[in-house]
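Peer 1: I am sharing structure25.csv, which consists of CSV, C-alpha atoms:
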```csv
chain,number,residue,atom,x,y,z
A,27,MET,CA,2.3,-14.8,21.7
A,28,LEU,CA,-1.4,-15.3,20.9
A,29,ASN,CA,-3.8,-16.6,23.5
A,30,GLU,CA,-6.0,-19.6,22.7
A,31,ARG,CA,-9.0,-17.4,21.6
A,32,GLN,CA,-6.8,-15.4,19.3
A,33,LYS,CA,-5.1,-18.5,17.8
A,34,SER,CA,-8.6,-19.9,17.0
A,35,GLU,CA,-9.6,-16.7,15.4
A,36,VAL,CA,-6.4,-16.4,13.3
A,37,ASN,CA,-6.6,-20.1,12.3
A,38,ALA,CA,-10.2,-19.7,11.3
A,39,ARG,CA,-9.2,-16.7,9.1
A,40,LEU,CA,-6.3,-18.6,7.5
A,41,LYS,CA,-8.6,-21.5,6.8
A,42,ARG,CA,-11.0,-19.2,5.0
A,43,ILE,CA,-8.1,-17.6,3.1
A,44,SER,CA,-7.0,-21.1,2.0
A,45,GLY,CA,-10.5,-21.7,0.6
A,46,GLN,CA,-10.3,-18.3,-1.2
A,47,ILE,CA,-7.0,-19.3,-2.8
A,48,GLY,CA,-8.6,-22.5,-4.0
A,49,GLY,CA,-11.5,-20.4,-5.4
A,50,ILE,CA,-9.0,-18.3,-7.4
A,51,GLN,CA,-7.3,-21.4,-8.8
A,52,ARG,CA,-10.7,-22.5,-10.0
A,53,MET,CA,-11.4,-19.1,-11.5
A,54,ILE,CA,-8.1,-19.4,-13.5
A,55,ASP,CA,-9.0,-22.9,-14.7
A,56,GLU,CA,-12.4,-21.7,-15.8
A,57,ASP,CA,-11.0,-18.7,-17.7
A,58,ARG,CA,-12.9,-16.2,-15.6
A,59,TYR,CA,-12.6,-12.5,-16.4
A,60,CYS,CA,-9.3,-11.0,-15.4
A,61,ILE,CA,-10.9,-8.2,-13.5
A,62,ASP,CA,-12.9,-10.6,-11.4
A,63,VAL,CA,-9.8,-12.6,-10.6
A,64,MET,CA,-8.0,-9.5,-9.5
A,65,THR,CA,-10.9,-8.5,-7.3
A,66,GLN,CA,-10.7,-11.9,-5.7
A,67,VAL,CA,-7.0,-11.6,-5.1
A,68,SER,CA,-7.6,-8.2,-3.6
A,69,ALA,CA,-10.1,-9.7,-1.2
A,70,VAL,CA,-7.5,-12.3,-0.1
A,71,VAL,CA,-4.9,-9.5,0.4
A,72,ALA,CA,-7.5,-7.6,2.6
A,73,ALA,CA,-8.1,-10.8,4.6
A,74,LEU,CA,-4.3,-11.2,5.2
A,75,ARG,CA,-4.1,-7.6,6.2
A,76,THR,CA,-6.6,-8.3,9.0
A,77,VAL,CA,-4.5,-11.3,10.1
A,78,GLU,CA,-1.4,-9.1,10.2
A,79,GLU,CA,-3.3,-6.4,12.2
A,80,LEU,CA,-4.5,-8.9,14.8
A,81,VAL,CA,-1.0,-10.2,15.2
A,82,LEU,CA,0.5,-6.7,15.4
A,83,GLU,CA,-2.0,-5.5,17.9
A,84,ASN,CA,-1.4,-8.4,20.1
A,85,HIS,CA,2.4,-8.0,19.7
A,86,LEU,CA,2.2,-4.4,20.9
A,87,ASN,CA,0.0,-5.4,23.9
A,88,THR,CA,2.2,-8.2,24.9
A,89,CYS,CA,5.9,-8.4,23.8
A,90,VAL,CA,6.4,-4.7,23.2
A,91,ALA,CA,4.5,-3.8,26.4
A,92,ASP,CA,6.7,-6.3,28.4
A,93,ALA,CA,9.9,-4.8,27.0
A,94,ILE,CA,8.7,-1.3,27.9
A,95,ARG,CA,7.6,-2.3,31.4
A,96,SER,CA,11.0,-4.0,32.0
A,97,GLU,CA,12.5,-0.4,32.1
A,98,ASP,CA,15.3,-1.8,30.0
A,99,GLU,CA,15.8,1.1,27.6
A,100,PRO,CA,17.9,-0.8,24.9
A,101,GLU,CA,15.4,-3.7,25.0
A,102,GLN,CA,12.5,-1.2,24.5
A,103,ARG,CA,14.3,0.5,21.6
A,104,ALA,CA,15.0,-2.9,20.0
A,105,LYS,CA,11.4,-4.0,20.2
A,106,VAL,CA,10.1,-0.7,18.8
A,107,ASP,CA,12.7,-1.0,16.0
A,108,GLU,CA,11.6,-4.5,15.2
A,109,VAL,CA,7.9,-3.3,15.0
A,110,MET,CA,8.9,-0.4,12.7
A,111,GLU,CA,10.8,-2.8,10.5
A,112,VAL,CA,7.8,-5.0,10.2
A,113,VAL,CA,5.4,-2.1,9.6
A,114,ARG,CA,7.7,-1.0,6.7
A,115,LYS,CA,7.8,-4.5,5.3
A,116,LEU,CA,4.0,-4.9,5.6
A,117,ARG,CA,3.6,-1.7,3.6
A,118,ARG,CA,6.4,-2.0,1.0
A,119,ARG,CA,5.8,-5.6,0.1
A,120,GLY,CA,2.1,-5.1,-0.2
B,16,MET,CA,-7.9,-14.3,-20.6
B,17,LEU,CA,-4.7,-16.0,-19.7
B,18,ASN,CA,-3.0,-18.4,-22.3
B,19,GLU,CA,-2.0,-21.9,-21.2
B,20,ARG,CA,1.6,-20.9,-20.2
B,21,GLN,CA,0.3,-18.0,-18.1
B,22,LYS,CA,-2.4,-20.2,-16.5
B,23,SER,CA,0.3,-22.8,-15.5
B,24,GLU,CA,2.5,-20.0,-14.1
B,25,VAL,CA,-0.3,-18.4,-12.1
B,26,ASN,CA,-1.5,-21.8,-10.8
B,27,ALA,CA,2.0,-22.8,-9.8
B,28,ARG,CA,2.2,-19.5,-7.8
B,29,LEU,CA,-1.2,-20.0,-6.2
B,30,LYS,CA,-0.2,-23.5,-5.2
B,31,ARG,CA,3.0,-22.2,-3.6
B,32,ILE,CA,0.9,-19.5,-1.8
B,33,SER,CA,-1.4,-22.3,-0.4
B,34,GLY,CA,1.6,-24.0,1.0
B,35,GLN,CA,2.8,-20.7,2.6
B,36,ILE,CA,-0.6,-20.3,4.2
B,37,GLY,CA,-0.3,-23.8,5.6
B,38,GLY,CA,3.1,-22.8,6.9
B,39,ILE,CA,1.6,-19.8,8.7
B,40,GLN,CA,-1.1,-22.0,10.3
B,41,ARG,CA,1.7,-24.2,11.7
B,42,MET,CA,3.6,-21.2,13.0
B,43,ILE,CA,0.5,-20.1,14.8
B,44,ASP,CA,0.0,-23.6,16.3
B,45,GLU,CA,3.6,-23.7,17.4
B,46,ASP,CA,3.4,-20.2,19.1
B,47,ARG,CA,6.1,-18.8,16.9
B,48,TYR,CA,7.3,-15.2,17.4
B,49,CYS,CA,4.7,-12.6,16.2
B,50,ILE,CA,7.3,-10.7,14.1
B,51,ASP,CA,8.2,-13.9,12.2
B,52,VAL,CA,4.5,-14.6,11.6
B,53,MET,CA,4.0,-11.1,10.2
B,54,THR,CA,7.1,-11.4,8.0
B,55,GLN,CA,5.6,-14.6,6.6
B,56,VAL,CA,2.2,-13.0,6.0
B,57,SER,CA,4.0,-10.2,4.3
B,58,ALA,CA,5.8,-12.7,2.0
B,59,VAL,CA,2.4,-14.1,1.0
B,60,VAL,CA,1.0,-10.7,0.3
B,61,ALA,CA,4.0,-10.0,-2.0
B,62,ALA,CA,3.4,-13.3,-3.8
B,63,LEU,CA,-0.2,-12.4,-4.3
B,64,ARG,CA,0.9,-9.0,-5.7
B,65,THR,CA,3.0,-10.8,-8.3
B,66,VAL,CA,-0.1,-12.8,-9.3
B,67,GLU,CA,-2.2,-9.6,-9.6
B,68,GLU,CA,0.5,-8.0,-11.7
B,69,LEU,CA,0.7,-10.9,-14.1
B,70,VAL,CA,-3.1,-10.9,-14.5
B,71,LEU,CA,-3.2,-7.1,-14.9
B,72,GLU,CA,-0.4,-7.0,-17.4
B,73,ASN,CA,-2.1,-9.7,-19.5
B,74,HIS,CA,-5.5,-7.9,-19.2
B,75,LEU,CA,-3.9,-4.7,-20.6
B,76,ASN,CA,-2.3,-6.6,-23.4
B,77,THR,CA,-5.5,-8.5,-24.3
B,78,CYS,CA,-8.9,-7.2,-23.3
B,79,VAL,CA,-8.0,-3.5,-23.0
B,80,ALA,CA,-6.0,-3.6,-26.2
B,81,ASP,CA,-8.9,-5.2,-28.0
B,82,ALA,CA,-11.3,-2.6,-26.7
B,83,ILE,CA,-8.9,0.2,-27.9
B,84,ARG,CA,-8.4,-1.5,-31.3
B,85,SER,CA,-12.2,-1.7,-31.8
B,86,GLU,CA,-12.2,2.1,-32.1
B,87,ASP,CA,-15.3,2.0,-30.0
B,88,GLU,CA,-14.7,5.0,-27.8
B,89,PRO,CA,-17.3,4.3,-25.0
B,90,GLU,CA,-16.0,0.7,-24.9
B,91,GLN,CA,-12.4,1.9,-24.5
B,92,ARG,CA,-13.4,4.3,-21.7
B,93,ALA,CA,-15.4,1.5,-20.0
B,94,LYS,CA,-12.4,-0.8,-20.1
B,95,VAL,CA,-10.0,1.8,-18.8
B,96,ASP,CA,-12.4,2.8,-16.0
B,97,GLU,CA,-12.6,-0.8,-15.0
B,98,VAL,CA,-8.8,-1.1,-14.9
B,99,MET,CA,-8.6,2.1,-12.8
B,100,GLU,CA,-11.2,0.8,-10.4
B,101,VAL,CA,-9.3,-2.4,-9.9
B,102,VAL,CA,-6.0,-0.5,-9.5
B,103,ARG,CA,-7.6,1.5,-6.8
B,104,LYS,CA,-9.0,-1.6,-5.1
B,105,LEU,CA,-5.6,-3.4,-5.3
B,106,ARG,CA,-4.1,-0.4,-3.5
B,107,ARG,CA,-6.7,0.5,-1.0
B,108,ARG,CA,-7.5,-3.0,0.2
B,109,GLY,CA,-3.9,-3.9,0.5
C,6,MET,CA,-0.2,14.4,-22.1
C,7,LEU,CA,-2.9,16.1,-20.0
C,8,ASN,CA,-5.4,18.5,-21.7
C,9,GLU,CA,-6.0,22.0,-20.4
C,10,ARG,CA,-8.9,21.0,-18.2
C,11,GLN,CA,-6.9,18.1,-16.7
C,12,LYS,CA,-3.9,20.3,-16.1
C,13,SER,CA,-6.0,22.8,-14.2
C,14,GLU,CA,-7.5,20.1,-12.1
C,15,VAL,CA,-4.1,18.5,-11.3
C,16,ASN,CA,-2.6,21.9,-10.5
C,17,ALA,CA,-5.4,22.8,-8.3
C,18,ARG,CA,-4.9,19.6,-6.4
C,19,LEU,CA,-1.2,20.1,-6.1
C,20,LYS,CA,-1.7,23.6,-4.8
C,21,ARG,CA,-4.1,22.2,-2.1
C,22,ILE,CA,-1.5,19.6,-1.3
C,23,SER,CA,1.2,22.3,-0.8
C,24,GLY,CA,-1.1,24.0,1.6
C,25,GLN,CA,-1.6,20.7,3.5
C,26,ILE,CA,2.2,20.2,3.7
C,27,GLY,CA,2.4,23.8,5.2
C,28,GLY,CA,-0.3,22.8,7.7
C,29,ILE,CA,1.7,19.7,8.8
C,30,GLN,CA,4.8,21.9,9.3
C,31,ARG,CA,2.8,24.1,11.6
C,32,MET,CA,1.4,21.1,13.5
C,33,ILE,CA,5.1,20.0,14.1
C,34,ASP,CA,6.1,23.5,15.3
C,35,GLU,CA,3.1,23.6,17.6
C,36,ASP,CA,3.9,20.1,19.1
C,37,ARG,CA,0.6,18.7,18.0
C,38,TYR,CA,-0.3,15.1,18.9
C,39,CYS,CA,1.6,12.6,16.8
C,40,ILE,CA,-1.5,10.7,15.9
C,41,ASP,CA,-3.1,13.9,14.5
C,42,VAL,CA,0.1,14.6,12.5
C,43,MET,CA,0.1,11.1,11.0
C,44,THR,CA,-3.6,11.4,10.1
C,45,GLN,CA,-2.8,14.6,8.2
C,46,VAL,CA,0.2,13.0,6.4
C,47,SER,CA,-2.2,10.2,5.5
C,48,ALA,CA,-4.6,12.7,4.0
C,49,VAL,CA,-1.8,14.1,1.9
C,50,VAL,CA,-0.8,10.7,0.7
C,51,ALA,CA,-4.5,10.0,-0.3
C,52,ALA,CA,-4.6,13.3,-2.2
C,53,LEU,CA,-1.4,12.4,-4.0
C,54,ARG,CA,-2.9,9.0,-4.9
C,55,THR,CA,-5.8,10.8,-6.6
C,56,VAL,CA,-3.3,12.9,-8.6
C,57,GLU,CA,-1.5,9.7,-9.7
C,58,GLU,CA,-4.8,8.1,-10.6
C,59,LEU,CA,-5.8,11.0,-12.8
C,60,VAL,CA,-2.5,10.9,-14.6
C,61,LEU,CA,-2.5,7.1,-15.0
C,62,GLU,CA,-6.1,7.1,-16.3
C,63,ASN,CA,-5.2,9.8,-18.8
C,64,HIS,CA,-2.0,8.0,-19.8
C,65,LEU,CA,-4.0,4.8,-20.6
C,66,ASN,CA,-6.5,6.7,-22.6
C,67,THR,CA,-3.9,8.6,-24.6
C,68,CYS,CA,-0.3,7.3,-24.9
C,69,VAL,CA,-1.1,3.6,-24.3
C,70,ALA,CA,-4.2,3.7,-26.5
C,71,ASP,CA,-2.1,5.3,-29.3
C,72,ALA,CA,0.6,2.7,-29.0
C,73,ILE,CA,-2.1,-0.1,-29.2
C,74,ARG,CA,-3.8,1.5,-32.2
C,75,SER,CA,-0.5,1.8,-34.0
C,76,GLU,CA,-0.6,-2.0,-34.3
C,77,ASP,CA,3.1,-1.9,-33.6
C,78,GLU,CA,3.3,-4.9,-31.3
C,79,PRO,CA,6.8,-4.2,-29.6
C,80,GLU,CA,5.7,-0.6,-29.0
C,81,GLN,CA,2.4,-1.8,-27.4
C,82,ARG,CA,4.4,-4.2,-25.2
C,83,ALA,CA,6.8,-1.5,-24.2
C,84,LYS,CA,4.0,0.9,-23.2
C,85,VAL,CA,2.3,-1.7,-21.2
C,86,ASP,CA,5.6,-2.7,-19.5
C,87,GLU,CA,6.1,0.9,-18.6
C,88,VAL,CA,2.7,1.1,-17.0
C,89,MET,CA,3.3,-2.1,-15.1
C,90,GLU,CA,6.6,-0.7,-13.8
C,91,VAL,CA,4.9,2.5,-12.6
C,92,VAL,CA,2.0,0.6,-11.0
C,93,ARG,CA,4.6,-1.5,-9.1
C,94,LYS,CA,6.4,1.7,-8.0
C,95,LEU,CA,3.2,3.4,-7.0
C,96,ARG,CA,2.5,0.5,-4.8
C,97,ARG,CA,5.9,-0.5,-3.4
C,98,ARG,CA,7.0,3.0,-2.6
C,99,GLY,CA,3.8,3.9,-1.0
D,2,MET,CA,5.9,14.7,21.0
D,3,LEU,CA,9.0,15.1,18.9
D,4,ASN,CA,12.2,16.5,20.5
D,5,GLU,CA,14.0,19.5,18.9
D,6,ARG,CA,16.3,17.3,16.8
D,7,GLN,CA,13.4,15.3,15.5
D,8,LYS,CA,11.4,18.4,14.8
D,9,SER,CA,14.3,19.8,12.7
D,10,GLU,CA,14.6,16.6,10.8
D,11,VAL,CA,10.9,16.3,10.1
D,12,ASN,CA,10.7,20.0,9.1
D,13,ALA,CA,13.7,19.6,6.7
D,14,ARG,CA,12.0,16.7,5.1
D,15,LEU,CA,8.7,18.5,4.8
D,16,LYS,CA,10.5,21.5,3.2
D,17,ARG,CA,12.1,19.2,0.7
D,18,ILE,CA,8.7,17.6,0.0
D,19,SER,CA,7.2,21.1,-0.7
D,20,GLY,CA,10.0,21.7,-3.2
D,21,GLN,CA,9.2,18.3,-4.9
D,22,ILE,CA,5.5,19.3,-5.1
D,23,GLY,CA,6.6,22.5,-6.8
D,24,GLY,CA,8.7,20.4,-9.2
D,25,ILE,CA,5.7,18.3,-10.1
D,26,GLN,CA,3.6,21.5,-10.8
D,27,ARG,CA,6.3,22.6,-13.2
D,28,MET,CA,6.4,19.2,-14.9
D,29,ILE,CA,2.6,19.4,-15.5
D,30,ASP,CA,3.0,23.0,-16.9
D,31,GLU,CA,5.7,21.8,-19.2
D,32,ASP,CA,3.7,18.8,-20.5
D,33,ARG,CA,6.2,16.3,-19.2
D,34,TYR,CA,5.7,12.6,-19.9
D,35,CYS,CA,3.0,11.1,-17.7
D,36,ILE,CA,5.2,8.2,-16.5
D,37,ASP,CA,7.8,10.7,-15.3
D,38,VAL,CA,5.2,12.7,-13.5
D,39,MET,CA,3.9,9.5,-11.7
D,40,THR,CA,7.4,8.5,-10.8
D,41,GLN,CA,7.9,11.9,-9.2
D,42,VAL,CA,4.6,11.7,-7.3
D,43,SER,CA,5.7,8.2,-6.2
D,44,ALA,CA,8.9,9.7,-4.8
D,45,VAL,CA,6.9,12.3,-2.8
D,46,VAL,CA,4.7,9.5,-1.4
D,47,ALA,CA,7.9,7.6,-0.4
D,48,ALA,CA,9.2,10.8,1.3
D,49,LEU,CA,5.9,11.2,3.2
D,50,ARG,CA,6.1,7.6,4.3
D,51,THR,CA,9.5,8.3,5.9
D,52,VAL,CA,8.0,11.2,7.8
D,53,GLU,CA,5.1,9.0,9.0
D,54,GLU,CA,7.6,6.4,10.1
D,55,LEU,CA,9.7,8.9,12.1
D,56,VAL,CA,6.6,10.2,13.8
D,57,LEU,CA,5.2,6.7,14.5
D,58,GLU,CA,8.5,5.4,15.9
D,59,ASN,CA,8.7,8.4,18.2
D,60,HIS,CA,5.1,8.0,19.2
D,61,LEU,CA,5.7,4.3,20.2
D,62,ASN,CA,8.8,5.3,22.2
D,63,THR,CA,7.1,8.1,24.0
D,64,CYS,CA,3.3,8.3,24.3
D,65,VAL,CA,2.6,4.6,24.0
D,66,ALA,CA,5.6,3.7,26.2
D,67,ASP,CA,4.3,6.1,28.9
D,68,ALA,CA,0.8,4.7,28.7
D,69,ILE,CA,2.3,1.2,29.2
D,70,ARG,CA,4.5,2.2,32.0
D,71,SER,CA,1.6,3.8,33.8
D,72,GLU,CA,0.2,0.3,34.4
D,73,ASP,CA,-3.2,1.7,33.6
D,74,GLU,CA,-4.5,-1.2,31.5
D,75,PRO,CA,-7.4,0.6,29.8
D,76,GLU,CA,-5.1,3.6,28.9
D,77,GLN,CA,-2.6,1.1,27.4
D,78,ARG,CA,-5.3,-0.6,25.3
D,79,ALA,CA,-6.6,2.9,24.2
D,80,LYS,CA,-3.1,3.9,23.0
D,81,VAL,CA,-2.5,0.7,21.2
D,82,ASP,CA,-6.0,0.9,19.6
D,83,GLU,CA,-5.1,4.4,18.4
D,84,VAL,CA,-1.8,3.2,16.9
D,85,MET,CA,-3.6,0.3,15.1
D,86,GLU,CA,-6.2,2.7,13.7
D,87,VAL,CA,-3.5,5.0,12.4
D,88,VAL,CA,-1.5,2.0,10.9
D,89,ARG,CA,-4.7,0.9,9.1
D,90,LYS,CA,-5.2,4.5,7.8
D,91,LEU,CA,-1.6,4.8,6.7
D,92,ARG,CA,-2.1,1.7,4.7
D,93,ARG,CA,-5.6,2.0,3.3
D,94,ARG,CA,-5.4,5.6,2.3
D,95,GLY,CA,-2.1,5.1,0.6
```
So, in terms of structure tokens, how does the structure I just supplied come out?
Peer 2:
Amino acid sequence: MLNERQKSEVNARLKRISGQIGGIQRMIDEDRYCIDVMTQVSAVVAALRTVEELVLENHLNTCVADAIRSEDEPEQRAKVDEVMEVVRKLRRRG
Amino acid sequence: MLNERQKSEVNARLKRISGQIGGIQRMIDEDRYCIDVMTQVSAVVAALRTVEELVLENHLNTCVADAIRSEDEPEQRAKVDEVMEVVRKLRRRG
Amino acid sequence: MLNERQKSEVNARLKRISGQIGGIQRMIDEDRYCIDVMTQVSAVVAALRTVEELVLENHLNTCVADAIRSEDEPEQRAKVDEVMEVVRKLRRRG
Amino acid sequence: MLNERQKSEVNARLKRISGQIGGIQRMIDEDRYCIDVMTQVSAVVAALRTVEELVLENHLNTCVADAIRSEDEPEQRAKVDEVMEVVRKLRRRG
């Protein structure tokens, strides 16, 4: 789970991303040059990557670390598997 | 440039993406599990990739094709360079 | 198709990549630190990306440009579809 | 560090990757169709991703887990930072 400071940071980033999506919608409506639209979409993807990384880093430092400290081997494996699955998804989908 | 049908499709997708971003903000506020948040972020990245691909495909079929048909060699090179630069950006940033 | 200069360049890069793969095999045998191994794998992926980009750029400037100049609309669409499919693959697989 | 079974698996994969690189060199020499070359390069990138994922998963289950179990907070943070840096590199470079 994210602490309050992290939640504010992630929410501020998501709010900015919403604004960027609105900007892309306007670019489409105004028939802006395709390359400029793609560059903007690319910037939003980069911003989402930063959100993912903040959440993943926190997840490793909290949930995964707790599972490891519990000395419950299957639980640790399960948490690491889950992280690996999401790392694969982050990469493949993107 | 996108034609009217393509503009509607892209705008419909961007609208859905805005909704998904709002959904992620709610997940953060409700302290939802990090892995679920990342999976959602991943889904938004995939949706943005589809938008990029629609715009890129159209760009190849219109602007790049026009530059090639003009038989203006430097103009063709410039358009292809521009596409390569955006392909690199789409990939690196993501 | 690649011209002779491009073939030499791509082959030189592939040769260097083979050497890098050999280097990674040695790192594994010598029990080198995982992070260093991954950094090396990452460098090989980046080198392969450059090869892909050289081939894609050339493909746009030759085969795709020829299809467009032929003024054969279905042929142009087919070539652009093929490029889009490979762009998706380059991204998803990576 | 990888155990003996993992080392064999990774080395077998790297050997196969070397073979695939040789195959791409032959495709270049034989002037094979650009799209087929890119599809092959893409397959090698996917194979390298699997190697990265094996190494990363093992790293989380060994080095990172040890750092967390040591209850040495700065050491844990350092290991997680290192993982995040490599995750970013794996993604950006690719």
Peer 1: Env of Gln46 in chain A: 9 Å cut, atoms = only C-alpha atoms, seq-sep filter 4 positions within chain, self excluded. Answer as a PyMOL selection string.
Peer 2: chain A and resi 41-42+50-51+66-67+69-70
Peer 1: Would you mind listing, as a CSV table (one decimal) with C-alpha atoms, keeping the file's coordinate frame, all residues of chain C that have at least one atom within 8 Å of chain D, where only C-alpha atoms are what counts?
Peer 2:
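Saved file out.csv follows:
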```
chain,number,residue,atom,x,y,z
C,6,MET,CA,-0.2,14.4,-22.1
C,7,LEU,CA,-2.9,16.1,-20.0
C,12,LYS,CA,-3.9,20.3,-16.1
C,15,VAL,CA,-4.1,18.5,-11.3
C,16,ASN,CA,-2.6,21.9,-10.5
C,19,LEU,CA,-1.2,20.1,-6.1
C,22,ILE,CA,-1.5,19.6,-1.3
C,23,SER,CA,1.2,22.3,-0.8
C,26,ILE,CA,2.2,20.2,3.7
C,30,GLN,CA,4.8,21.9,9.3
C,33,ILE,CA,5.1,20.0,14.1
C,34,ASP,CA,6.1,23.5,15.3
C,36,ASP,CA,3.9,20.1,19.1
C,37,ARG,CA,0.6,18.7,18.0
C,38,TYR,CA,-0.3,15.1,18.9
C,39,CYS,CA,1.6,12.6,16.8
C,40,ILE,CA,-1.5,10.7,15.9
C,42,VAL,CA,0.1,14.6,12.5
C,43,MET,CA,0.1,11.1,11.0
C,44,THR,CA,-3.6,11.4,10.1
C,46,VAL,CA,0.2,13.0,6.4
C,47,SER,CA,-2.2,10.2,5.5
C,48,ALA,CA,-4.6,12.7,4.0
C,50,VAL,CA,-0.8,10.7,0.7
C,51,ALA,CA,-4.5,10.0,-0.3
C,53,LEU,CA,-1.4,12.4,-4.0
C,54,ARG,CA,-2.9,9.0,-4.9
C,57,GLU,CA,-1.5,9.7,-9.7
C,60,VAL,CA,-2.5,10.9,-14.6
C,61,LEU,CA,-2.5,7.1,-15.0
C,64,HIS,CA,-2.0,8.0,-19.8
C,87,GLU,CA,6.1,0.9,-18.6
C,88,VAL,CA,2.7,1.1,-17.0
C,91,VAL,CA,4.9,2.5,-12.6
C,94,LYS,CA,6.4,1.7,-8.0
C,95,LEU,CA,3.2,3.4,-7.0
C,98,ARG,CA,7.0,3.0,-2.6
C,99,GLY,CA,3.8,3.9,-1.0
```
Peer 1: Give the superposed chain C as a compact mmCIF listing (two decimals) with C-alpha atoms, in the frame of the given file, the fit being least squares on chain A over all ordered C-alpha pairs.
Peer 2:
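Saved the output as result34.txt:
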```
# COMPACT_ATOMS: atom_id res chain seq x y z
CA MET C 6 2.34 -14.83 21.69
CA LEU C 7 -1.35 -15.25 20.82
CA ASN C 8 -3.78 -16.66 23.46
CA GLU C 9 -6.07 -19.58 22.71
CA ARG C 10 -8.96 -17.41 21.63
CA GLN C 11 -6.70 -15.37 19.31
CA LYS C 12 -5.17 -18.48 17.84
CA SER C 13 -8.57 -19.87 17.00
CA GLU C 14 -9.60 -16.67 15.38
CA VAL C 15 -6.38 -16.40 13.31
CA ASN C 16 -6.64 -20.04 12.27
CA ALA C 17 -10.16 -19.67 11.28
CA ARG C 18 -9.22 -16.76 9.11
CA LEU C 19 -6.34 -18.58 7.55
CA LYS C 20 -8.54 -21.54 6.76
CA ARG C 21 -11.03 -19.16 5.00
CA ILE C 22 -8.12 -17.67 3.15
CA SER C 23 -6.99 -21.13 1.91
CA GLY C 24 -10.45 -21.68 0.62
CA GLN C 25 -10.33 -18.30 -1.21
CA ILE C 26 -6.96 -19.24 -2.79
CA GLY C 27 -8.66 -22.54 -4.00
CA GLY C 28 -11.49 -20.43 -5.44
CA ILE C 29 -9.02 -18.23 -7.40
CA GLN C 30 -7.36 -21.38 -8.81
CA ARG C 31 -10.71 -22.51 -10.08
CA MET C 32 -11.47 -19.07 -11.57
CA ILE C 33 -8.10 -19.39 -13.53
CA ASP C 34 -8.98 -22.92 -14.75
CA GLU C 35 -12.41 -21.73 -15.82
CA ASP C 36 -10.95 -18.68 -17.75
CA ARG C 37 -12.86 -16.23 -15.65
CA TYR C 38 -12.61 -12.50 -16.42
CA CYS C 39 -9.31 -11.05 -15.32
CA ILE C 40 -10.93 -8.20 -13.51
CA ASP C 41 -13.00 -10.66 -11.41
CA VAL C 42 -9.80 -12.65 -10.64
CA MET C 43 -7.96 -9.52 -9.49
CA THR C 44 -10.93 -8.48 -7.31
CA GLN C 45 -10.76 -11.87 -5.60
CA VAL C 46 -6.95 -11.64 -5.11
CA SER C 47 -7.64 -8.22 -3.61
CA ALA C 48 -10.09 -9.75 -1.18
CA VAL C 49 -7.47 -12.24 -0.12
CA VAL C 50 -4.92 -9.55 0.40
CA ALA C 51 -7.47 -7.59 2.60
CA ALA C 52 -8.11 -10.75 4.64
CA LEU C 53 -4.39 -11.24 5.11
CA ARG C 54 -4.09 -7.60 6.24
CA THR C 55 -6.64 -8.30 8.99
CA VAL C 56 -4.56 -11.32 10.11
CA GLU C 57 -1.44 -9.11 10.26
CA GLU C 58 -3.35 -6.46 12.16
CA LEU C 59 -4.50 -8.93 14.78
CA VAL C 60 -1.00 -10.20 15.27
CA LEU C 61 0.56 -6.71 15.37
CA GLU C 62 -2.06 -5.46 17.87
CA ASN C 63 -1.40 -8.48 20.07
CA HIS C 64 2.37 -8.07 19.73
CA LEU C 65 2.13 -4.43 20.96
CA ASN C 66 -0.01 -5.40 23.85
CA THR C 67 2.23 -8.27 24.92
CA CYS C 68 5.90 -8.43 23.83
CA VAL C 69 6.38 -4.66 23.29
CA ALA C 70 4.47 -3.76 26.45
CA ASP C 71 6.67 -6.22 28.42
CA ALA C 72 9.85 -4.80 27.00
CA ILE C 73 8.65 -1.22 27.94
CA ARG C 74 7.67 -2.28 31.46
CA SER C 75 11.02 -3.92 31.98
CA GLU C 76 12.46 -0.39 32.03
CA ASP C 77 15.35 -1.81 30.06
CA GLU C 78 15.82 1.06 27.63
CA PRO C 79 17.95 -0.77 24.85
CA GLU C 80 15.45 -3.65 24.94
CA GLN C 81 12.50 -1.19 24.54
CA ARG C 82 14.32 0.44 21.61
CA ALA C 83 15.02 -2.88 20.01
CA LYS C 84 11.37 -3.99 20.25
CA VAL C 85 10.17 -0.80 18.81
CA ASP C 86 12.76 -0.99 15.98
CA GLU C 87 11.53 -4.44 15.22
CA VAL C 88 7.97 -3.24 14.95
CA MET C 89 9.00 -0.37 12.74
CA GLU C 90 10.84 -2.80 10.45
CA VAL C 91 7.76 -5.04 10.17
CA VAL C 92 5.42 -2.09 9.58
CA ARG C 93 7.75 -0.98 6.73
CA LYS C 94 7.71 -4.53 5.29
CA LEU C 95 3.98 -4.84 5.62
CA ARG C 96 3.67 -1.74 3.62
CA ARG C 97 6.46 -1.98 1.03
CA ARG C 98 5.81 -5.57 0.14
CA GLY C 99 2.17 -5.10 -0.14
```
Peer 1: So how far away is CA of Glu83 in chain A from CA of Asp82 in chain D, in Å?
Peer 2: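 So the answer is 7.7 Å.
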Peer 1: What is the distance, in Å and to one decimal place, between CA of Ala66 in chain D and CA of Met42 in chain B?
Peer 2: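 Taking CA of Ala66 in chain D and CA of Met42 in chain B, their separation equals 28.3 Å.
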Peer 1: Work out how far CA of Asn76 in chain B is from CA of Arg93 in chain C, in Å to one decimal.
Peer 2: 16.7 Å
